[in-house]
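Shown below: work18.pdb, with PDB, N, CA and C atoms, pLDDT in the B column.
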ATOM      1  N   MET A   1     -53.742 -25.668-149.455  1.00 86.00           N
ATOM      2  CA  MET A   1     -53.834 -25.358-150.861  1.00 86.00           C
ATOM      3  C   MET A   1     -55.125 -24.578-151.108  1.00 86.00           C
ATOM      4  N   ASN A   2     -55.084 -23.586-151.983  1.00 88.00           N
ATOM      5  CA  ASN A   2     -56.242 -22.759-152.314  1.00 88.00           C
ATOM      6  C   ASN A   2     -56.895 -23.237-153.599  1.00 88.00           C
ATOM      7  N   GLY A   3     -58.206 -23.017-153.701  1.00 91.00           N
ATOM      8  CA  GLY A   3     -58.929 -23.314-154.939  1.00 91.00           C
ATOM      9  C   GLY A   3     -59.078 -22.041-155.755  1.00 91.00           C
ATOM     10  N   PHE A   4     -58.951 -22.159-157.075  1.00 89.00           N
ATOM     11  CA  PHE A   4     -59.103 -21.028-157.977  1.00 89.00           C
ATOM     12  C   PHE A   4     -60.078 -21.381-159.081  1.00 89.00           C
ATOM     13  N   LYS A   5     -60.962 -20.451-159.381  1.00 90.00           N
ATOM     14  CA  LYS A   5     -61.898 -20.613-160.483  1.00 90.00           C
ATOM     15  C   LYS A   5     -61.235 -20.019-161.721  1.00 90.00           C
ATOM     16  N   VAL A   6     -61.047 -20.836-162.749  1.00 88.00           N
ATOM     17  CA  VAL A   6     -60.372 -20.403-163.977  1.00 88.00           C
ATOM     18  C   VAL A   6     -61.378 -20.446-165.117  1.00 88.00           C
ATOM     19  N   THR A   7     -61.527 -19.326-165.831  1.00 87.00           N
ATOM     20  CA  THR A   7     -62.480 -19.239-166.932  1.00 87.00           C
ATOM     21  C   THR A   7     -61.730 -19.215-168.260  1.00 87.00           C
ATOM     22  N   PHE A   8     -62.125 -20.104-169.148  1.00 85.00           N
ATOM     23  CA  PHE A   8     -61.542 -20.176-170.487  1.00 85.00           C
ATOM     24  C   PHE A   8     -62.495 -19.553-171.496  1.00 85.00           C
ATOM     25  N   LYS A   9     -61.944 -18.916-172.508  1.00 88.00           N
ATOM     26  CA  LYS A   9     -62.746 -18.453-173.631  1.00 88.00           C
ATOM     27  C   LYS A   9     -62.370 -19.312-174.826  1.00 88.00           C
ATOM     28  N   ARG A  10     -63.374 -19.842-175.495  1.00 84.00           N
ATOM     29  CA  ARG A  10     -63.136 -20.666-176.674  1.00 84.00           C
ATOM     30  C   ARG A  10     -63.743 -20.000-177.895  1.00 84.00           C
ATOM     31  N   THR A  11     -62.956 -19.910-178.929  1.00 84.00           N
ATOM     32  CA  THR A  11     -63.446 -19.430-180.216  1.00 84.00           C
ATOM     33  C   THR A  11     -63.549 -20.647-181.115  1.00 84.00           C
ATOM     34  N   GLU A  12     -64.759 -20.960-181.552  1.00 79.00           N
ATOM     35  CA  GLU A  12     -64.978 -22.157-182.339  1.00 79.00           C
ATOM     36  C   GLU A  12     -65.504 -21.819-183.729  1.00 79.00           C
ATOM     37  N   THR A  13     -65.332 -22.759-184.613  1.00 76.00           N
ATOM     38  CA  THR A  13     -65.894 -22.632-185.948  1.00 76.00           C
ATOM     39  C   THR A  13     -66.550 -23.948-186.309  1.00 76.00           C
ATOM     40  N   PHE A  14     -67.528 -23.899-187.147  1.00 74.00           N
ATOM     41  CA  PHE A  14     -68.247 -25.084-187.572  1.00 74.00           C
ATOM     42  C   PHE A  14     -68.219 -25.141-189.093  1.00 74.00           C
ATOM     43  N   TYR A  15     -67.797 -26.288-189.624  1.00 74.00           N
ATOM     44  CA  TYR A  15     -67.721 -26.468-191.069  1.00 74.00           C
ATOM     45  C   TYR A  15     -68.741 -27.485-191.519  1.00 74.00           C
ATOM     46  N   GLN A  16     -69.406 -27.203-192.619  1.00 77.00           N
ATOM     47  CA  GLN A  16     -70.319 -28.165-193.216  1.00 77.00           C
ATOM     48  C   GLN A  16     -70.352 -27.891-194.707  1.00 77.00           C
ATOM     49  N   THR A  17     -70.294 -28.932-195.487  1.00 81.00           N
ATOM     50  CA  THR A  17     -70.357 -28.804-196.939  1.00 81.00           C
ATOM     51  C   THR A  17     -71.698 -29.319-197.419  1.00 81.00           C
ATOM     52  N   ILE A  18     -72.335 -28.532-198.264  1.00 83.00           N
ATOM     53  CA  ILE A  18     -73.600 -28.959-198.862  1.00 83.00           C
ATOM     54  C   ILE A  18     -73.469 -28.852-200.376  1.00 83.00           C
ATOM     55  N   ILE A  19     -74.343 -29.524-201.091  1.00 89.00           N
ATOM     56  CA  ILE A  19     -74.384 -29.460-202.554  1.00 89.00           C
ATOM     57  C   ILE A  19     -75.646 -28.699-202.952  1.00 89.00           C
ATOM     58  N   VAL A  20     -75.497 -27.672-203.779  1.00 90.00           N
ATOM     59  CA  VAL A  20     -76.644 -26.953-204.333  1.00 90.00           C
ATOM     60  C   VAL A  20     -76.535 -26.984-205.849  1.00 90.00           C
ATOM     61  N   GLU A  21     -77.666 -27.104-206.496  1.00 91.00           N
ATOM     62  CA  GLU A  21     -77.717 -27.081-207.957  1.00 91.00           C
ATOM     63  C   GLU A  21     -77.831 -25.631-208.407  1.00 91.00           C
ATOM     64  N   ALA A  22     -76.910 -25.208-209.291  1.00 91.00           N
ATOM     65  CA  ALA A  22     -76.913 -23.818-209.768  1.00 91.00           C
ATOM     66  C   ALA A  22     -76.144 -23.730-211.085  1.00 91.00           C
ATOM     67  N   SER A  23     -76.386 -22.650-211.817  1.00 89.00           N
ATOM     68  CA  SER A  23     -75.712 -22.431-213.098  1.00 89.00           C
ATOM     69  C   SER A  23     -74.398 -21.672-212.937  1.00 89.00           C
ATOM     70  N   THR A  24     -74.328 -20.827-211.893  1.00 89.00           N
ATOM     71  CA  THR A  24     -73.138 -19.999-211.680  1.00 89.00           C
ATOM     72  C   THR A  24     -72.745 -20.020-210.206  1.00 89.00           C
ATOM     73  N   HIS A  25     -71.530 -19.538-209.950  1.00 90.00           N
ATOM     74  CA  HIS A  25     -71.073 -19.412-208.565  1.00 90.00           C
ATOM     75  C   HIS A  25     -71.993 -18.489-207.765  1.00 90.00           C
ATOM     76  N   GLU A  26     -72.388 -17.389-208.377  1.00 87.00           N
ATOM     77  CA  GLU A  26     -73.229 -16.409-207.690  1.00 87.00           C
ATOM     78  C   GLU A  26     -74.588 -17.011-207.337  1.00 87.00           C
ATOM     79  N   GLU A  27     -75.160 -17.774-208.251  1.00 89.00           N
ATOM     80  CA  GLU A  27     -76.442 -18.429-207.981  1.00 89.00           C
ATOM     81  C   GLU A  27     -76.287 -19.457-206.848  1.00 89.00           C
ATOM     82  N   ALA A  28     -75.190 -20.195-206.858  1.00 91.00           N
ATOM     83  CA  ALA A  28     -74.932 -21.169-205.788  1.00 91.00           C
ATOM     84  C   ALA A  28     -74.805 -20.465-204.445  1.00 91.00           C
ATOM     85  N   ARG A  29     -74.085 -19.320-204.423  1.00 89.00           N
ATOM     86  CA  ARG A  29     -73.941 -18.549-203.189  1.00 89.00           C
ATOM     87  C   ARG A  29     -75.297 -18.052-202.698  1.00 89.00           C
ATOM     88  N   THR A  30     -76.129 -17.550-203.600  1.00 91.00           N
ATOM     89  CA  THR A  30     -77.446 -17.038-203.243  1.00 91.00           C
ATOM     90  C   THR A  30     -78.324 -18.140-202.667  1.00 91.00           C
ATOM     91  N   LYS A  31     -78.328 -19.315-203.323  1.00 91.00           N
ATOM     92  CA  LYS A  31     -79.139 -20.433-202.826  1.00 91.00           C
ATOM     93  C   LYS A  31     -78.657 -20.910-201.461  1.00 91.00           C
ATOM     94  N   ALA A  32     -77.345 -21.027-201.298  1.00 91.00           N
ATOM     95  CA  ALA A  32     -76.790 -21.482-200.018  1.00 91.00           C
ATOM     96  C   ALA A  32     -77.091 -20.481-198.908  1.00 91.00           C
ATOM     97  N   ASP A  33     -76.983 -19.187-199.220  1.00 89.00           N
ATOM     98  CA  ASP A  33     -77.286 -18.151-198.234  1.00 89.00           C
ATOM     99  C   ASP A  33     -78.755 -18.214-197.823  1.00 89.00           C
ATOM    100  N   LYS A  34     -79.636 -18.441-198.785  1.00 91.00           N
ATOM    101  CA  LYS A  34     -81.068 -18.549-198.490  1.00 91.00           C
ATOM    102  C   LYS A  34     -81.338 -19.753-197.589  1.00 91.00           C
ATOM    103  N   LEU A  35     -80.715 -20.897-197.904  1.00 89.00           N
ATOM    104  CA  LEU A  35     -80.882 -22.086-197.053  1.00 89.00           C
ATOM    105  C   LEU A  35     -80.418 -21.809-195.632  1.00 89.00           C
ATOM    106  N   SER A  36     -79.316 -21.107-195.504  1.00 86.00           N
ATOM    107  CA  SER A  36     -78.759 -20.800-194.192  1.00 86.00           C
ATOM    108  C   SER A  36     -79.671 -19.871-193.398  1.00 86.00           C
ATOM    109  N   THR A  37     -80.118 -18.798-194.032  1.00 87.00           N
ATOM    110  CA  THR A  37     -80.960 -17.826-193.318  1.00 87.00           C
ATOM    111  C   THR A  37     -82.330 -18.399-192.980  1.00 87.00           C
ATOM    112  N   GLU A  38     -82.789 -19.390-193.726  1.00 89.00           N
ATOM    113  CA  GLU A  38     -84.086 -20.018-193.441  1.00 89.00           C
ATOM    114  C   GLU A  38     -83.954 -21.157-192.435  1.00 89.00           C
ATOM    115  N   GLY A  39     -82.728 -21.414-191.958  1.00 84.00           N
ATOM    116  CA  GLY A  39     -82.524 -22.445-190.955  1.00 84.00           C
ATOM    117  C   GLY A  39     -82.564 -23.859-191.492  1.00 84.00           C
ATOM    118  N   GLU A  40     -82.362 -24.021-192.793  1.00 85.00           N
ATOM    119  CA  GLU A  40     -82.413 -25.351-193.402  1.00 85.00           C
ATOM    120  C   GLU A  40     -81.134 -26.156-193.188  1.00 85.00           C
ATOM    121  N   ILE A  41     -80.063 -25.506-192.796  1.00 79.00           N
ATOM    122  CA  ILE A  41     -78.786 -26.189-192.569  1.00 79.00           C
ATOM    123  C   ILE A  41     -78.617 -26.363-191.069  1.00 79.00           C
ATOM    124  N   GLU A  42     -78.543 -27.605-190.626  1.00 74.00           N
ATOM    125  CA  GLU A  42     -78.400 -27.888-189.197  1.00 74.00           C
ATOM    126  C   GLU A  42     -76.975 -28.326-188.913  1.00 74.00           C
ATOM    127  N   PHE A  43     -76.378 -27.764-187.898  1.00 68.00           N
ATOM    128  CA  PHE A  43     -75.021 -28.110-187.512  1.00 68.00           C
ATOM    129  C   PHE A  43     -75.048 -29.192-186.445  1.00 68.00           C
ATOM    130  N   ASP A  44     -74.155 -30.144-186.551  1.00 67.00           N
ATOM    131  CA  ASP A  44     -73.958 -31.145-185.507  1.00 67.00           C
ATOM    132  C   ASP A  44     -72.818 -30.621-184.642  1.00 67.00           C
ATOM    133  N   TYR A  45     -73.142 -29.956-183.556  1.00 65.00           N
ATOM    134  CA  TYR A  45     -72.145 -29.281-182.743  1.00 65.00           C
ATOM    135  C   TYR A  45     -71.151 -30.236-182.086  1.00 65.00           C
ATOM    136  N   PHE A  46     -71.504 -31.517-181.989  1.00 69.00           N
ATOM    137  CA  PHE A  46     -70.581 -32.479-181.390  1.00 69.00           C
ATOM    138  C   PHE A  46     -69.545 -32.976-182.396  1.00 69.00           C
ATOM    139  N   GLN A  47     -69.870 -32.986-183.684  1.00 66.00           N
ATOM    140  CA  GLN A  47     -68.951 -33.522-184.683  1.00 66.00           C
ATOM    141  C   GLN A  47     -68.321 -32.442-185.555  1.00 66.00           C
ATOM    142  N   GLU A  48     -68.976 -31.322-185.735  1.00 64.00           N
ATOM    143  CA  GLU A  48     -68.496 -30.300-186.657  1.00 64.00           C
ATOM    144  C   GLU A  48     -67.619 -29.246-185.998  1.00 64.00           C
ATOM    145  N   SER A  49     -67.605 -29.192-184.671  1.00 70.00           N
ATOM    146  CA  SER A  49     -66.897 -28.125-183.974  1.00 70.00           C
ATOM    147  C   SER A  49     -65.388 -28.291-184.081  1.00 70.00           C
ATOM    148  N   ASP A  50     -64.704 -27.203-184.297  1.00 73.00           N
ATOM    149  CA  ASP A  50     -63.251 -27.176-184.341  1.00 73.00           C
ATOM    150  C   ASP A  50     -62.806 -25.974-183.510  1.00 73.00           C
ATOM    151  N   VAL A  51     -62.147 -26.223-182.386  1.00 74.00           N
ATOM    152  CA  VAL A  51     -61.715 -25.128-181.522  1.00 74.00           C
ATOM    153  C   VAL A  51     -60.537 -24.417-182.194  1.00 74.00           C
ATOM    154  N   LEU A  52     -60.721 -23.148-182.533  1.00 75.00           N
ATOM    155  CA  LEU A  52     -59.680 -22.364-183.180  1.00 75.00           C
ATOM    156  C   LEU A  52     -58.730 -21.741-182.176  1.00 75.00           C
ATOM    157  N   ASP A  53     -59.268 -21.374-181.041  1.00 83.00           N
ATOM    158  CA  ASP A  53     -58.451 -20.684-180.054  1.00 83.00           C
ATOM    159  C   ASP A  53     -59.055 -20.919-178.680  1.00 83.00           C
ATOM    160  N   GLU A  54     -58.219 -21.088-177.701  1.00 83.00           N
ATOM    161  CA  GLU A  54     -58.690 -21.255-176.328  1.00 83.00           C
ATOM    162  C   GLU A  54     -57.689 -20.566-175.421  1.00 83.00           C
ATOM    163  N   TYR A  55     -58.174 -19.679-174.579  1.00 84.00           N
ATOM    164  CA  TYR A  55     -57.269 -18.989-173.678  1.00 84.00           C
ATOM    165  C   TYR A  55     -57.999 -18.595-172.399  1.00 84.00           C
ATOM    166  N   ILE A  56     -57.222 -18.422-171.355  1.00 83.00           N
ATOM    167  CA  ILE A  56     -57.754 -18.078-170.038  1.00 83.00           C
ATOM    168  C   ILE A  56     -58.089 -16.576-170.018  1.00 83.00           C
ATOM    169  N   ILE A  57     -59.317 -16.264-169.600  1.00 86.00           N
ATOM    170  CA  ILE A  57     -59.703 -14.845-169.526  1.00 86.00           C
ATOM    171  C   ILE A  57     -59.858 -14.349-168.097  1.00 86.00           C
ATOM    172  N   ASP A  58     -59.959 -15.287-167.127  1.00 86.00           N
ATOM    173  CA  ASP A  58     -60.158 -14.832-165.750  1.00 86.00           C
ATOM    174  C   ASP A  58     -59.719 -15.915-164.769  1.00 86.00           C
ATOM    175  N   ILE A  59     -59.108 -15.478-163.684  1.00 87.00           N
ATOM    176  CA  ILE A  59     -58.750 -16.375-162.582  1.00 87.00           C
ATOM    177  C   ILE A  59     -59.122 -15.651-161.287  1.00 87.00           C
ATOM    178  N   GLU A  60     -59.906 -16.326-160.446  1.00 88.00           N
ATOM    179  CA  GLU A  60     -60.266 -15.728-159.168  1.00 88.00           C
ATOM    180  C   GLU A  60     -60.244 -16.799-158.091  1.00 88.00           C
ATOM    181  N   LYS A  61     -59.894 -16.391-156.915  1.00 84.00           N
ATOM    182  CA  LYS A  61     -59.846 -17.322-155.775  1.00 84.00           C
ATOM    183  C   LYS A  61     -61.268 -17.690-155.399  1.00 84.00           C
ATOM    184  N   SER A  62     -61.489 -18.979-155.197  1.00 76.00           N
ATOM    185  CA  SER A  62     -62.860 -19.421-154.861  1.00 76.00           C
ATOM    186  C   SER A  62     -63.027 -19.573-153.372  1.00 76.00           C
TER
END

Could you show the structure in this file as structure tokens?
Amino acid sequence: MNGFKVTFKRTETFYQTIIVEASTHEEARTKADKLSTEGEIEFDYFQESDVLDEYIIDIEKS
């Protein structure tokens, strides 16, 4: 029997809901975007990950 190295590609997404205080939708979007770009939102990659797609991209004999 032969051994083969199989490589998978995974496309993942991470969901997190936060609450921001704002007067309008646009203000809420601006505040949330600022929090995100400043690194204030931390993702828990073990609990928040949702695999959207997984497929084989390479197979080679080892």

If you run DSSP over the backbone, which residues in chain A end up strand (DSSP E)? Put them as an MDAnalysis selection string. chainID A and resid 4:14 49:61

Same residues, N, CA and C atoms, output as an mmCIF file, in the frame of the given file:
data_model
loop_
_atom_site.group_PDB
_atom_site.id
_atom_site.type_symbol
_atom_site.label_atom_id
_atom_site.label_comp_id
_atom_site.auth_asym_id
_atom_site.auth_seq_id
_atom_site.Cartn_x
_atom_site.Cartn_y
_atom_site.Cartn_z
ATOM 1 N N PHE A 4 -58.951 -22.159 -157.075
ATOM 2 C CA PHE A 4 -59.103 -21.028 -157.977
ATOM 3 C C PHE A 4 -60.078 -21.381 -159.081
ATOM 4 N N LYS A 5 -60.962 -20.451 -159.381
ATOM 5 C CA LYS A 5 -61.898 -20.613 -160.483
ATOM 6 C C LYS A 5 -61.235 -20.019 -161.721
ATOM 7 N N VAL A 6 -61.047 -20.836 -162.749
ATOM 8 C CA VAL A 6 -60.372 -20.403 -163.977
ATOM 9 C C VAL A 6 -61.378 -20.446 -165.117
ATOM 10 N N THR A 7 -61.527 -19.326 -165.831
ATOM 11 C CA THR A 7 -62.480 -19.239 -166.932
ATOM 12 C C THR A 7 -61.730 -19.215 -168.260
ATOM 13 N N PHE A 8 -62.125 -20.104 -169.148
ATOM 14 C CA PHE A 8 -61.542 -20.176 -170.487
ATOM 15 C C PHE A 8 -62.495 -19.553 -171.496
ATOM 16 N N LYS A 9 -61.944 -18.916 -172.508
ATOM 17 C CA LYS A 9 -62.746 -18.453 -173.631
ATOM 18 C C LYS A 9 -62.370 -19.312 -174.826
ATOM 19 N N ARG A 10 -63.374 -19.842 -175.495
ATOM 20 C CA ARG A 10 -63.136 -20.666 -176.674
ATOM 21 C C ARG A 10 -63.743 -20.000 -177.895
ATOM 22 N N THR A 11 -62.956 -19.910 -178.929
ATOM 23 C CA THR A 11 -63.446 -19.430 -180.216
ATOM 24 C C THR A 11 -63.549 -20.647 -181.115
ATOM 25 N N GLU A 12 -64.759 -20.960 -181.552
ATOM 26 C CA GLU A 12 -64.978 -22.157 -182.339
ATOM 27 C C GLU A 12 -65.504 -21.819 -183.729
ATOM 28 N N THR A 13 -65.332 -22.759 -184.613
ATOM 29 C CA THR A 13 -65.894 -22.632 -185.948
ATOM 30 C C THR A 13 -66.550 -23.948 -186.309
ATOM 31 N N PHE A 14 -67.528 -23.899 -187.147
ATOM 32 C CA PHE A 14 -68.247 -25.084 -187.572
ATOM 33 C C PHE A 14 -68.219 -25.141 -189.093
ATOM 34 N N SER A 49 -67.605 -29.192 -184.671
ATOM 35 C CA SER A 49 -66.897 -28.125 -183.974
ATOM 36 C C SER A 49 -65.388 -28.291 -184.081
ATOM 37 N N ASP A 50 -64.704 -27.203 -184.297
ATOM 38 C CA ASP A 50 -63.251 -27.176 -184.341
ATOM 39 C C ASP A 50 -62.806 -25.974 -183.510
ATOM 40 N N VAL A 51 -62.147 -26.223 -182.386
ATOM 41 C CA VAL A 51 -61.715 -25.128 -181.522
ATOM 42 C C VAL A 51 -60.537 -24.417 -182.194
ATOM 43 N N LEU A 52 -60.721 -23.148 -182.533
ATOM 44 C CA LEU A 52 -59.680 -22.364 -183.180
ATOM 45 C C LEU A 52 -58.730 -21.741 -182.176
ATOM 46 N N ASP A 53 -59.268 -21.374 -181.041
ATOM 47 C CA ASP A 53 -58.451 -20.684 -180.054
ATOM 48 C C ASP A 53 -59.055 -20.919 -178.680
ATOM 49 N N GLU A 54 -58.219 -21.088 -177.701
ATOM 50 C CA GLU A 54 -58.690 -21.255 -176.328
ATOM 51 C C GLU A 54 -57.689 -20.566 -175.421
ATOM 52 N N TYR A 55 -58.174 -19.679 -174.579
ATOM 53 C CA TYR A 55 -57.269 -18.989 -173.678
ATOM 54 C C TYR A 55 -57.999 -18.595 -172.399
ATOM 55 N N ILE A 56 -57.222 -18.422 -171.355
ATOM 56 C CA ILE A 56 -57.754 -18.078 -170.038
ATOM 57 C C ILE A 56 -58.089 -16.576 -170.018
ATOM 58 N N ILE A 57 -59.317 -16.264 -169.600
ATOM 59 C CA ILE A 57 -59.703 -14.845 -169.526
ATOM 60 C C ILE A 57 -59.858 -14.349 -168.097
ATOM 61 N N ASP A 58 -59.959 -15.287 -167.127
ATOM 62 C CA ASP A 58 -60.158 -14.832 -165.750
ATOM 63 C C ASP A 58 -59.719 -15.915 -164.769
ATOM 64 N N ILE A 59 -59.108 -15.478 -163.684
ATOM 65 C CA ILE A 59 -58.750 -16.375 -162.582
ATOM 66 C C ILE A 59 -59.122 -15.651 -161.287
ATOM 67 N N GLU A 60 -59.906 -16.326 -160.446
ATOM 68 C CA GLU A 60 -60.266 -15.728 -159.168
ATOM 69 C C GLU A 60 -60.244 -16.799 -158.091
ATOM 70 N N LYS A 61 -59.894 -16.391 -156.915
ATOM 71 C CA LYS A 61 -59.846 -17.322 -155.775
ATOM 72 C C LYS A 61 -61.268 -17.690 -155.399
#

So which residues of chain A fall under alpha helix (DSSP H) by DSSP, listed as a count of residues only? 13

Record the distance separating atom CA of Thr11 of chain A and atom CA of Tyr55 of chain A, expressed in Å with one decimal.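 About the pair atom CA of Thr11 of chain A and atom CA of Tyr55 of chain A: they are 9.0 Å apart.
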
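One distance worth recording is that between atom CA of Gly3 of chain A and atom CA of Ile59 of chain A, which is 10.3 Å.
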
Find the distance between atom N of Val20 of chain A and atom N of Asp33 of chain A and write it in Å to one decimal. 9.7 Å

Test item: the PyMOL selection byres (((chain A and resi 35-40 and name CA) around 12) and name CA) resolved as an MDAnalysis selection string: chainID A and resid 16:20 28:34 41:43

Using all atoms listed in the file, which residues sit within 6 Å of Asp50 of chain A once same-chain residues fewer than 4 positions away are excluded, as a list in words?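 That gives Thr11, Glu12, Thr13 and Phe14 of chain A.
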
Residues near Lys61 of chain A, cut-off 8 Å, only N, CA and C atoms, skip fewer than 5 positions along chain, as an mmCIF file with N, CA and C atoms, in the frame of the given file:
data_model
loop_
_atom_site.group_PDB
_atom_site.id
_atom_site.type_symbol
_atom_site.label_atom_id
_atom_site.label_comp_id
_atom_site.auth_asym_id
_atom_site.auth_seq_id
_atom_site.Cartn_x
_atom_site.Cartn_y
_atom_site.Cartn_z
ATOM 1 N N ASN A 2 -55.084 -23.586 -151.983
ATOM 2 C CA ASN A 2 -56.242 -22.759 -152.314
ATOM 3 C C ASN A 2 -56.895 -23.237 -153.599
ATOM 4 N N GLY A 3 -58.206 -23.017 -153.701
ATOM 5 C CA GLY A 3 -58.929 -23.314 -154.939
ATOM 6 C C GLY A 3 -59.078 -22.041 -155.755
ATOM 7 N N PHE A 4 -58.951 -22.159 -157.075
ATOM 8 C CA PHE A 4 -59.103 -21.028 -157.977
ATOM 9 C C PHE A 4 -60.078 -21.381 -159.081
ATOM 10 N N LYS A 5 -60.962 -20.451 -159.381
ATOM 11 C CA LYS A 5 -61.898 -20.613 -160.483
ATOM 12 C C LYS A 5 -61.235 -20.019 -161.721
ATOM 13 N N VAL A 6 -61.047 -20.836 -162.749
ATOM 14 C CA VAL A 6 -60.372 -20.403 -163.977
ATOM 15 C C VAL A 6 -61.378 -20.446 -165.117
#
